[in-house]
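Listing of upload_14.txt; format and content: compact mmCIF, C-alpha atoms and all ligand atoms.
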```txt
# COMPACT_ATOMS: atom_id res chain seq x y z
CA MET Q 149 -15.14 6.87 -8.16
CA SER Q 150 -11.36 7.14 -8.32
CA THR Q 151 -8.94 4.27 -8.05
CA VAL Q 152 -6.27 4.47 -5.38
CA ALA Q 153 -3.39 2.06 -4.82
CA VAL Q 154 -1.83 1.50 -1.40
CA ILE Q 155 1.45 -0.38 -1.33
CA GLY Q 156 2.22 -2.00 2.02
CA THR Q 157 -0.68 -3.29 4.13
CA GLY Q 158 0.71 -2.88 7.66
CA TYR Q 159 -0.58 -0.60 10.40
CA VAL Q 160 -0.42 2.49 8.19
CA GLY Q 161 -1.42 1.16 4.77
CA LEU Q 162 -4.25 -1.16 5.72
CA VAL Q 163 -6.10 1.42 7.81
CA ALA Q 164 -5.62 4.03 5.08
CA GLY Q 165 -6.73 1.68 2.30
CA ILE Q 166 -9.86 0.51 4.11
CA CYS Q 167 -10.81 4.10 5.00
CA PHE Q 168 -10.29 5.23 1.39
CA ALA Q 169 -12.69 2.46 0.32
CA GLU Q 170 -15.20 3.43 3.02
CA ILE Q 171 -15.39 7.01 1.69
CA GLY Q 172 -16.13 5.89 -1.85
CA ASN Q 173 -12.88 5.10 -3.64
CA GLN Q 174 -11.95 1.95 -5.50
CA VAL Q 175 -8.84 0.68 -3.68
CA ILE Q 176 -6.14 -1.82 -4.61
CA CYS Q 177 -3.84 -2.78 -1.76
CA VAL Q 178 -0.48 -4.41 -2.43
CA ASP Q 179 1.78 -6.38 -0.14
CA ILE Q 180 4.92 -8.40 -0.76
CA SER Q 181 3.59 -11.12 1.55
CA GLU Q 182 1.38 -13.61 -0.30
CA GLU Q 183 0.15 -14.92 3.03
CA ARG Q 184 -1.01 -11.45 4.11
CA VAL Q 185 -2.70 -10.82 0.76
CA ALA Q 186 -4.54 -14.15 1.02
CA SER Q 187 -5.77 -13.58 4.57
CA LEU Q 188 -6.82 -9.97 3.91
CA SER Q 189 -8.74 -11.14 0.84
CA GLU Q 190 -10.69 -13.39 3.24
CA GLY Q 191 -11.46 -10.43 5.49
CA LYS Q 192 -8.94 -11.26 8.23
CA VAL Q 193 -7.25 -8.21 9.78
CA PRO Q 194 -3.80 -9.19 11.16
CA TYR Q 195 -3.90 -6.87 14.20
CA TYR Q 196 -6.45 -5.35 16.57
CA GLU Q 197 -7.93 -2.05 15.44
CA PRO Q 198 -11.51 -1.40 16.63
CA GLY Q 199 -14.04 -1.49 13.79
CA LEU Q 200 -11.50 -2.23 11.07
CA ALA Q 201 -12.57 -5.83 10.40
CA ASP Q 202 -16.19 -4.72 9.90
CA LEU Q 203 -15.13 -2.01 7.46
CA LEU Q 204 -12.94 -4.50 5.58
CA ARG Q 205 -15.79 -7.00 5.27
CA SER Q 206 -18.09 -4.26 4.01
CA ALA Q 207 -15.50 -3.10 1.42
CA LEU Q 208 -14.97 -6.70 0.26
CA ASP Q 209 -18.73 -7.20 -0.05
CA ASN Q 210 -19.00 -3.97 -2.10
CA GLN Q 211 -15.96 -5.00 -4.15
CA SER Q 212 -14.46 -1.57 -3.40
CA ILE Q 213 -11.19 -3.08 -2.15
CA GLY Q 214 -8.90 -5.78 -3.48
CA PHE Q 215 -5.50 -7.21 -2.53
CA THR Q 216 -2.59 -8.30 -4.69
CA THR Q 217 1.18 -8.77 -4.65
CA ASP Q 218 1.49 -7.15 -8.09
CA VAL Q 219 2.68 -3.51 -7.88
CA SER Q 220 2.48 -2.78 -11.60
CA TRP Q 221 -1.03 -4.22 -11.91
CA ALA Q 222 -2.21 -2.06 -9.00
CA ALA Q 223 -0.48 1.06 -10.35
CA ARG Q 224 -1.81 0.68 -13.89
CA ASP Q 225 -5.32 2.02 -13.19
CA SER Q 226 -4.50 4.18 -10.16
CA LYS Q 227 -3.83 7.88 -10.56
CA VAL Q 228 -2.77 8.13 -6.91
CA ILE Q 229 -0.42 5.60 -5.33
CA PHE Q 230 0.39 5.62 -1.61
CA ILE Q 231 3.64 3.94 -0.54
CA THR Q 232 3.29 2.67 3.04
CA VAL Q 233 5.90 -0.10 3.18
CA GLY Q 234 8.13 -0.70 6.18
CA THR Q 235 11.46 1.16 6.28
CA PRO Q 236 13.52 -0.43 9.07
CA SER Q 237 16.32 1.57 10.68
CA ASN Q 238 19.90 1.11 9.54
CA GLU Q 239 22.69 0.96 12.13
CA ASP Q 240 23.40 4.67 11.68
CA GLY Q 241 19.76 5.57 12.38
CA SER Q 242 18.83 6.30 8.77
CA SER Q 243 15.88 4.53 7.17
CA ASN Q 244 16.40 1.59 4.84
CA THR Q 245 14.59 2.86 1.75
CA ASP Q 246 15.41 -0.06 -0.57
CA ALA Q 247 11.76 -1.14 -0.75
CA ILE Q 248 10.62 2.41 -1.63
CA PHE Q 249 13.11 2.70 -4.49
CA GLY Q 250 12.28 -0.80 -5.74
CA ILE Q 251 8.60 0.10 -5.90
CA ALA Q 252 9.26 3.51 -7.50
CA ARG Q 253 11.42 1.83 -10.15
CA GLU Q 254 8.76 -0.78 -10.89
CA ILE Q 255 6.04 1.86 -11.24
CA ALA Q 256 8.25 4.00 -13.50
CA LEU Q 257 9.20 1.10 -15.75
CA THR Q 258 5.76 -0.49 -16.09
CA THR Q 259 3.16 2.28 -15.77
CA PRO Q 260 2.39 4.61 -18.66
CA GLY Q 261 1.44 8.24 -18.03
CA PRO Q 262 1.78 10.49 -15.00
CA ARG Q 263 0.99 9.27 -11.49
CA THR Q 264 0.85 11.00 -8.13
CA ILE Q 265 2.92 9.06 -5.60
CA VAL Q 266 2.38 9.81 -1.93
CA LEU Q 267 5.19 8.61 0.31
CA LYS Q 268 3.85 7.83 3.79
CA SER Q 269 6.74 5.56 4.79
CA THR Q 270 9.38 7.10 7.04
CA ALA Q 271 12.25 8.11 4.76
CA ASN Q 272 15.46 10.11 4.86
CA VAL Q 273 15.37 13.79 3.89
CA GLY Q 274 15.92 14.01 0.13
CA THR Q 275 14.39 10.62 -0.71
CA ALA Q 276 11.68 12.17 -2.88
CA ALA Q 277 14.29 14.09 -4.91
CA TRP Q 278 15.95 10.89 -6.15
CA GLU Q 279 16.25 10.81 -9.95
CA GLY Q 280 17.97 7.40 -10.22
N1 LIG V 301 2.88 2.70 12.55
C1 LIG V 301 2.84 4.03 12.65
O1 LIG V 301 2.18 4.60 13.53
C2 LIG V 301 3.55 4.90 11.66
C3 LIG V 301 3.29 6.24 11.70
C4 LIG V 301 3.90 7.06 10.76
C5 LIG V 301 4.75 6.53 9.81
N2 LIG V 301 4.99 5.18 9.81
C6 LIG V 301 5.87 4.68 8.78
O2 LIG V 301 5.05 4.04 7.81
C7 LIG V 301 5.74 2.90 7.28
C8 LIG V 301 4.90 1.66 7.49
O3 LIG V 301 4.71 1.47 8.89
P1 LIG V 301 3.82 0.26 9.42
O4 LIG V 301 3.77 0.43 10.89
O5 LIG V 301 2.55 0.19 8.65
O6 LIG V 301 4.75 -0.98 9.04
P2 LIG V 301 4.37 -2.54 9.04
O7 LIG V 301 5.66 -3.25 9.26
O8 LIG V 301 3.19 -2.79 9.93
O9 LIG V 301 3.86 -2.80 7.55
C9 LIG V 301 4.69 -2.70 6.43
C10 LIG V 301 4.09 -3.59 5.35
O10 LIG V 301 4.84 -3.38 4.15
C11 LIG V 301 4.98 -4.64 3.51
N3 LIG V 301 6.10 -4.55 2.59
C12 LIG V 301 7.44 -4.49 2.89
N4 LIG V 301 8.16 -4.39 1.77
C13 LIG V 301 7.28 -4.37 0.72
C14 LIG V 301 7.41 -4.27 -0.68
N5 LIG V 301 8.61 -4.18 -1.27
N6 LIG V 301 6.28 -4.30 -1.45
C15 LIG V 301 5.06 -4.40 -0.87
N7 LIG V 301 4.87 -4.50 0.49
C16 LIG V 301 5.97 -4.48 1.26
C17 LIG V 301 5.17 -5.62 4.65
O11 LIG V 301 4.90 -6.96 4.25
C18 LIG V 301 4.15 -5.09 5.68
O12 LIG V 301 2.87 -5.68 5.51
C19 LIG V 301 7.10 2.87 8.01
O13 LIG V 301 8.05 3.53 7.19
C20 LIG V 301 6.83 3.62 9.27
O14 LIG V 301 8.02 4.19 9.80
C21 LIG V 301 4.42 4.38 10.70
```
Could you write out this structure as structure tokens?
Amino acid sequence: MSTVAVIGTGYVGLVAGICFAEIGNQVICVDISEERVASLSEGKVPYYEPGLADLLRSALDNQSIGFTTDVSWAARDSKVIFITVGTPSNEDGSSNTDAIFGIAREIALTTPGPRTIVLKSTANVGTAAWEG
């Protein structure tokens, strides 16, 4: 069983995280919203997606999924980290990638050893080449 982290539990991240758990991975989902983390930990899905609440309850029962606000804690034991946070549009149409870079910085500064980071959030061309 491999451990996967998913950062951002909106439409993209929550479905991905629950499906990763369903196919046999240990999943840690992260969100900046304490309220969302608390309600997901109780098995409450914040939007309608057929079958998702049942899969979440099953993953919680199996202890194959957990929720936290702590990026570095989630990244510590996860070899693969999906970033699925929101990237709202700027006035010029580009994506606001502040959250992505904040998360990347936190992972780099707190997590020892190599990690594979998968960027699912919409981002400007060249974002992944940043060496900040
Ligand atoms: N919805 C889609 O069909 C779709 C498809 C392809 C790509 N995307 C892209 O995927 C990304 C996520 O889309 P979504 O629809 O799931 O968005 P969403 O707004 O439903 O969810 C984003 C989540 O990220 C959390 N978040 C924001 N900043 C954070 C941070 N710093 N740390 C941790 N969590 C944080 C928010 O609290 C929220 O729960 C966007 O960039 C979007 O453009 C979306």
Item to check | Selection as an MDAnalysis selection string: residues within 10 Å of ligand LIG 301 (chain V) by all atoms listed in the file | outcome: chainID Q and resid 154:164 177:185 194:195 216:219 231:237 243:252 267:271
Item to check | Radius query 10 Å about (-13.4, -7.7, -2.2), atoms used: only C-alpha atoms, as a PyMOL selection string | outcome: chain Q and resi 175-176+188-191+204-215
Item to check | Residue nearest Q:Arg253 - candidates Q:Val228, Q:Val193, Q:Ala223, Q:Ala201, atoms counted: only C-alpha atoms | outcome: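 Answer, going by the shortest atom-to-atom distance: Q:Ala223.
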Next on the checklist: What's the separation between atom CA of Q:Gly199 and atom CA of Q:Cys167, in Å to one decimal place?
Outcome noted: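 Atom CA of Q:Gly199 sits 10.9 Å away from atom CA of Q:Cys167.
Our summary of the geometry notes that atom CA of Q:Gly274 is positioned 11.9 Å from atom CA of Q:Ser242.
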Checklist entry - What gap, in Å, lies between atom CA of Q:Lys227 and atom CA of Q:Ile171? => result 16.9 Å
